[in-house]
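To start, the structure under review is shown below, and the notes come after it.
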Amino acid sequence: MMRWTLIVPIVAFLVLVLTWGRSPGGLLVAVVALALIGAVIAAVHHAEIVAHRVGEPFGTLILAIAVTVIEVGLIVMLMSAGGEGSESLARDTVFSAFMIVCNGVMGLCLLVGALKHRVLEFRVEGVTAALATLSAVATLALVLPSFTVTTPGPTYSTAQLAFAGVASLVLYGVFVFMQTVRHRDYFLPVQARGEDDHADPPPARTALISLGLLVFCLVAVVGLAKTASPAIEASVAAVGAPRTTVGVAIAMLVLLPETAAAVRAAARDRVQNSFNLALGSALASIGLTIPTIAVVSIITGSSLALGLGPLQIVLLALTVVVTTLTVAPGRATLMQGTVHLVLFGAFLFLAVSP
């Protein structure tokens, strides 16, 4: 294992410990940024070692769930601390993650892969199953609260919130079972069926070390993103952008390891891995976050605004439709990647100027 991949996670974690709870400025912000970038690069390296050892689709699933679990912990921590906008923090974060992975990550993967390999192929059965599950969970969690009448505003009643949490968890659990056990072949790269184009898997000891360092890197990425959030908030306030833009920026930082891993897979003509990671991340983000914050909200009695506004609902629906058309043929080109990236650009623009 390369020496820098052992040192960088430890250094990034030390930077996190030394800067936690502080509002960095000037030179300290630059140090945090460098540590964040280093942690992202190291995380991708260790994720690929673990993925190589356990095989697909377990490798992408490990990275998606690891990032999501840490992200959920960060959301719960910020919700518990209260403050302005805490009641809508989960909604803004989950919606941002949905748009980032379904448009930004998928679009970038398709663009990079198509520029290098012209036409990209993937398994329709697995991708459409992920998209159908994601659409159902996103609608239950983010759309229906804006239309229910039991409680005022974009909120669920306690019973409705409990149902949405259980439904999200059940759908995600069944999807993971299908992905890893019942129909695992639906999620394997097309070119990998019946052949193995990889080198020999790393030893179990190396994979376990990489798994531990991966967790270190992911904790550092999320923590450093939180540390950098005051500087991000100051920048957002300086340009007069809405407060929800902070959530978008932090979500983009947290998702950097997954984005880098997905783009590298697409560049190697393994876009199925990229889709497993992108759609799996969005699904895990909603399927694990909603039940967790539902429990926290019910226990603490805190208010929880989940429903999106009309603008966000249109963007979500358009993303689902476009993604369905992208994955339906089982093949994609430069055109599909461009469409997704334009939608991602529209999301970012409208987040700053709604």
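The way I read the labels, and the way they are meant: chains A, B, ... in the order of the structure tokens, residue 1 as the first residue of every chain, and ligand 1 as the first ligand shown, with later ones counted on from there.
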Q: Identify, on the basis of only C-alpha atoms, every residue whose closest approach to A:Phe147 does not exceed 12 Å; exclude the query and any residue fewer than 3 positions from it along the same chain; express the result as JSON, numbers by chain.
A: {"A": [139, 140, 141, 142, 143, 144, 150, 151, 152, 153, 154, 155, 156, 306, 307, 308, 309, 310, 313]}
Keeping N, CA, C and O atoms for every residue in the selection just given, could you write it to a file as a compact mmCIF listing (two decimals), in the first residue's frame?
# COMPACT_ATOMS: atom_id res chain seq x y z
N THR A 139 -40.68 10.56 -3.43
CA THR A 139 -42.04 11.11 -3.43
C THR A 139 -42.66 11.03 -2.04
O THR A 139 -43.28 11.98 -1.55
N LEU A 140 -42.50 9.87 -1.38
CA LEU A 140 -43.04 9.71 -0.02
C LEU A 140 -42.42 10.70 0.96
O LEU A 140 -43.11 11.26 1.82
N ALA A 141 -41.11 10.93 0.82
CA ALA A 141 -40.39 11.73 1.81
C ALA A 141 -40.42 13.22 1.53
O ALA A 141 -40.49 14.03 2.47
N LEU A 142 -40.37 13.62 0.25
CA LEU A 142 -40.15 15.02 -0.07
C LEU A 142 -41.32 15.72 -0.78
O LEU A 142 -41.38 16.95 -0.77
N VAL A 143 -42.22 14.95 -1.38
CA VAL A 143 -43.30 15.57 -2.16
C VAL A 143 -44.62 15.54 -1.41
O VAL A 143 -45.29 16.57 -1.25
N LEU A 144 -45.03 14.37 -0.93
CA LEU A 144 -46.34 14.24 -0.29
C LEU A 144 -46.54 15.16 0.93
O LEU A 144 -47.67 15.62 1.15
N THR A 150 -53.48 17.03 7.17
CA THR A 150 -53.63 16.77 8.61
C THR A 150 -52.93 17.82 9.44
O THR A 150 -53.44 18.26 10.48
N THR A 151 -51.76 18.25 9.00
CA THR A 151 -51.00 19.29 9.70
C THR A 151 -50.73 20.45 8.74
O THR A 151 -50.63 20.25 7.53
N PRO A 152 -50.60 21.67 9.26
CA PRO A 152 -50.33 22.82 8.38
C PRO A 152 -48.89 22.82 7.90
O PRO A 152 -47.99 22.30 8.56
N GLY A 153 -48.68 23.41 6.73
CA GLY A 153 -47.33 23.54 6.19
C GLY A 153 -46.82 22.25 5.59
O GLY A 153 -47.53 21.24 5.53
N PRO A 154 -45.57 22.26 5.15
CA PRO A 154 -44.97 21.08 4.49
C PRO A 154 -44.51 20.04 5.50
O PRO A 154 -43.34 19.64 5.53
N THR A 155 -45.42 19.57 6.36
CA THR A 155 -45.07 18.66 7.44
C THR A 155 -45.98 17.44 7.43
O THR A 155 -47.08 17.46 6.88
N TYR A 156 -45.51 16.38 8.08
CA TYR A 156 -46.29 15.18 8.32
C TYR A 156 -46.78 15.18 9.77
O TYR A 156 -46.11 15.73 10.66
N LEU A 306 -40.52 18.64 5.77
CA LEU A 306 -39.99 17.75 4.74
C LEU A 306 -40.43 18.13 3.33
O LEU A 306 -39.73 17.83 2.37
N GLY A 307 -41.61 18.72 3.20
CA GLY A 307 -42.16 18.98 1.88
C GLY A 307 -41.39 20.03 1.10
O GLY A 307 -41.00 21.07 1.63
N LEU A 308 -41.17 19.75 -0.18
CA LEU A 308 -40.50 20.70 -1.06
C LEU A 308 -41.47 21.74 -1.58
O LEU A 308 -42.69 21.53 -1.59
N GLY A 309 -40.93 22.86 -2.06
CA GLY A 309 -41.73 23.88 -2.70
C GLY A 309 -42.00 23.52 -4.15
O GLY A 309 -41.42 22.57 -4.69
N PRO A 310 -42.87 24.28 -4.82
CA PRO A 310 -43.23 23.98 -6.22
C PRO A 310 -42.02 23.91 -7.15
O PRO A 310 -41.93 23.03 -8.01
N ILE A 313 -40.12 20.67 -6.53
CA ILE A 313 -40.89 19.51 -6.98
C ILE A 313 -40.77 19.35 -8.50
O ILE A 313 -40.62 18.24 -9.03
Could you give me, as JSON lines, a per-residue list for stretch 197-244 of chain A showing, wherever an atom lies at most 8 Å from an atom of stretch 19-36 of chain A, the closest pair of atoms and their distance in Å to one decimal, using only C-alpha atoms and sorting by chain then residue number from low to high?
{"residue": "A:Ala220", "atom": "CA", "partner": "A:Leu36", "partner_atom": "CA", "distance": 7.2}
{"residue": "A:Val221", "atom": "CA", "partner": "A:Leu36", "partner_atom": "CA", "distance": 5.7}
{"residue": "A:Gly223", "atom": "CA", "partner": "A:Trp20", "partner_atom": "CA", "distance": 7.7}
{"residue": "A:Leu224", "atom": "CA", "partner": "A:Leu36", "partner_atom": "CA", "distance": 6.3}
{"residue": "A:Ala225", "atom": "CA", "partner": "A:Leu36", "partner_atom": "CA", "distance": 7.6}
{"residue": "A:Thr227", "atom": "CA", "partner": "A:Trp20", "partner_atom": "CA", "distance": 6.2}
{"residue": "A:Ala228", "atom": "CA", "partner": "A:Val29", "partner_atom": "CA", "distance": 6.9}
{"residue": "A:Pro230", "atom": "CA", "partner": "A:Ser23", "partner_atom": "CA", "distance": 6.1}
{"residue": "A:Ala231", "atom": "CA", "partner": "A:Gly25", "partner_atom": "CA", "distance": 7.1}
Q.
as a list of chain:residue names, please: the residues near stretch 166-168 of chain A (cut-off 8 Å, only C-alpha atoms, same-chain neighbours under 4 positions excluded).
A. A:Val137, A:Leu140, A:Ala141, A:Ala162, A:Tyr172, A:Ile286, A:Gly287, A:Leu288, A:Ile290, A:Pro291
Hey, can you spit out that residue selection with N, CA, C and O atoms as a CSV table (one decimal), in the first residue's frame?
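Everything below was put into selection-v7.csv:
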chain,number,residue,atom,x,y,z
A,137,VAL,N,-39.4,6.5,-2.9
A,137,VAL,CA,-39.0,7.0,-1.6
A,137,VAL,C,-38.9,8.5,-1.6
A,137,VAL,O,-39.3,9.1,-0.6
A,140,LEU,N,-42.5,9.9,-1.4
A,140,LEU,CA,-43.0,9.7,0.0
A,140,LEU,C,-42.4,10.7,1.0
A,140,LEU,O,-43.1,11.3,1.8
A,141,ALA,N,-41.1,10.9,0.8
A,141,ALA,CA,-40.4,11.7,1.8
A,141,ALA,C,-40.4,13.2,1.5
A,141,ALA,O,-40.5,14.0,2.5
A,162,ALA,N,-44.2,8.5,10.8
A,162,ALA,CA,-43.8,7.1,11.2
A,162,ALA,C,-43.9,6.2,10.0
A,162,ALA,O,-43.1,5.3,9.7
A,172,TYR,N,-35.7,0.4,1.0
A,172,TYR,CA,-34.3,0.4,0.9
A,172,TYR,C,-33.7,-1.0,1.3
A,172,TYR,O,-32.8,-1.5,0.6
A,286,ILE,N,-31.8,9.0,1.2
A,286,ILE,CA,-33.2,9.2,1.6
A,286,ILE,C,-33.6,8.0,2.5
A,286,ILE,O,-34.3,8.2,3.5
A,287,GLY,N,-33.3,6.8,2.1
A,287,GLY,CA,-33.8,5.6,2.8
A,287,GLY,C,-33.3,5.4,4.2
A,287,GLY,O,-34.0,4.8,5.0
A,288,LEU,N,-32.1,6.0,4.5
A,288,LEU,CA,-31.6,5.9,5.9
A,288,LEU,C,-31.8,7.2,6.6
A,288,LEU,O,-32.0,7.2,7.9
A,290,ILE,N,-34.4,9.5,6.3
A,290,ILE,CA,-35.8,9.8,6.7
A,290,ILE,C,-36.2,9.0,8.0
A,290,ILE,O,-36.8,9.5,8.9
A,291,PRO,N,-35.9,7.6,8.0
A,291,PRO,CA,-36.3,6.9,9.3
A,291,PRO,C,-35.6,7.4,10.5
A,291,PRO,O,-36.2,7.5,11.6
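The gap separating atom CA of A:Ala317 from atom CA of A:Ala249 is 22.1 Å, in Å to one decimal.
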**Q.** Of the listed residues A:Asn103, A:Ser297, A:Thr324, A:Thr206, that which approaches A:Ala159 most closely, counting only C-alpha atoms
**A.**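 Once distances to A:Ala159 are computed over only C-alpha atoms, the minimum belongs to A:Ser297.
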As an mmCIF file with N, CA and C atoms, in the first residue's frame, please: the residues near stretch 122-134 of chain A (cut-off 7 Å, only C-alpha atoms, same-chain neighbours under 3 positions excluded).
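File around-v5.cif, as written:
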data_model
loop_
_atom_site.group_PDB
_atom_site.id
_atom_site.type_symbol
_atom_site.label_atom_id
_atom_site.label_comp_id
_atom_site.auth_asym_id
_atom_site.auth_seq_id
_atom_site.Cartn_x
_atom_site.Cartn_y
_atom_site.Cartn_z
ATOM 1 N N VAL A 137 -39.411 6.452 -2.931
ATOM 2 C CA VAL A 137 -38.959 6.956 -1.631
ATOM 3 C C VAL A 137 -38.903 8.480 -1.625
ATOM 4 N N ALA A 138 -38.402 9.082 -2.722
ATOM 5 C CA ALA A 138 -38.325 10.543 -2.799
ATOM 6 C C ALA A 138 -39.706 11.175 -2.759
ATOM 7 N N LEU A 171 -38.330 -0.240 1.784
ATOM 8 C CA LEU A 171 -37.952 -0.185 0.371
ATOM 9 C C LEU A 171 -36.442 -0.275 0.199
ATOM 10 N N TYR A 186 -27.817 -8.465 -11.762
ATOM 11 C CA TYR A 186 -28.374 -7.276 -12.400
ATOM 12 C C TYR A 186 -27.488 -6.051 -12.217
ATOM 13 N N PHE A 187 -26.575 -6.094 -11.262
ATOM 14 C CA PHE A 187 -25.779 -4.919 -10.916
ATOM 15 C C PHE A 187 -24.296 -5.091 -11.238
ATOM 16 N N PRO A 189 -21.138 -5.109 -13.895
ATOM 17 C CA PRO A 189 -20.809 -4.453 -15.175
ATOM 18 C C PRO A 189 -21.000 -5.404 -16.346
ATOM 19 N N VAL A 190 -21.473 -4.877 -17.455
ATOM 20 C CA VAL A 190 -21.751 -5.699 -18.628
ATOM 21 C C VAL A 190 -20.506 -6.442 -19.079
ATOM 22 N N VAL A 271 -19.437 1.918 -16.402
ATOM 23 C CA VAL A 271 -20.462 2.879 -16.001
ATOM 24 C C VAL A 271 -21.526 2.221 -15.123
ATOM 25 N N GLN A 272 -21.652 0.901 -15.176
ATOM 26 C CA GLN A 272 -22.580 0.220 -14.269
ATOM 27 C C GLN A 272 -22.178 0.471 -12.819
ATOM 28 N N PHE A 275 -23.263 3.971 -11.928
ATOM 29 C CA PHE A 275 -24.696 4.062 -11.643
ATOM 30 C C PHE A 275 -25.033 3.403 -10.310
ATOM 31 N N LEU A 279 -26.925 6.115 -7.970
ATOM 32 C CA LEU A 279 -28.308 5.846 -7.568
ATOM 33 C C LEU A 279 -28.363 5.217 -6.178
ATOM 34 N N LEU A 283 -30.370 6.766 -2.993
ATOM 35 C CA LEU A 283 -31.352 5.926 -2.310
ATOM 36 C C LEU A 283 -30.998 5.746 -0.842
ATOM 37 N N VAL A 327 -31.811 5.755 -18.807
ATOM 38 C CA VAL A 327 -31.439 4.378 -18.493
ATOM 39 C C VAL A 327 -32.266 3.344 -19.246
ATOM 40 N N ALA A 328 -33.424 3.736 -19.799
ATOM 41 C CA ALA A 328 -34.323 2.763 -20.432
ATOM 42 C C ALA A 328 -33.668 1.966 -21.569
ATOM 43 N N GLY A 330 -30.542 1.095 -21.967
ATOM 44 C CA GLY A 330 -29.369 0.313 -21.578
ATOM 45 C C GLY A 330 -28.078 0.789 -22.216
ATOM 46 N N ARG A 331 -28.138 1.866 -22.957
ATOM 47 C CA ARG A 331 -26.977 2.465 -23.614
ATOM 48 C C ARG A 331 -27.098 3.982 -23.498
#
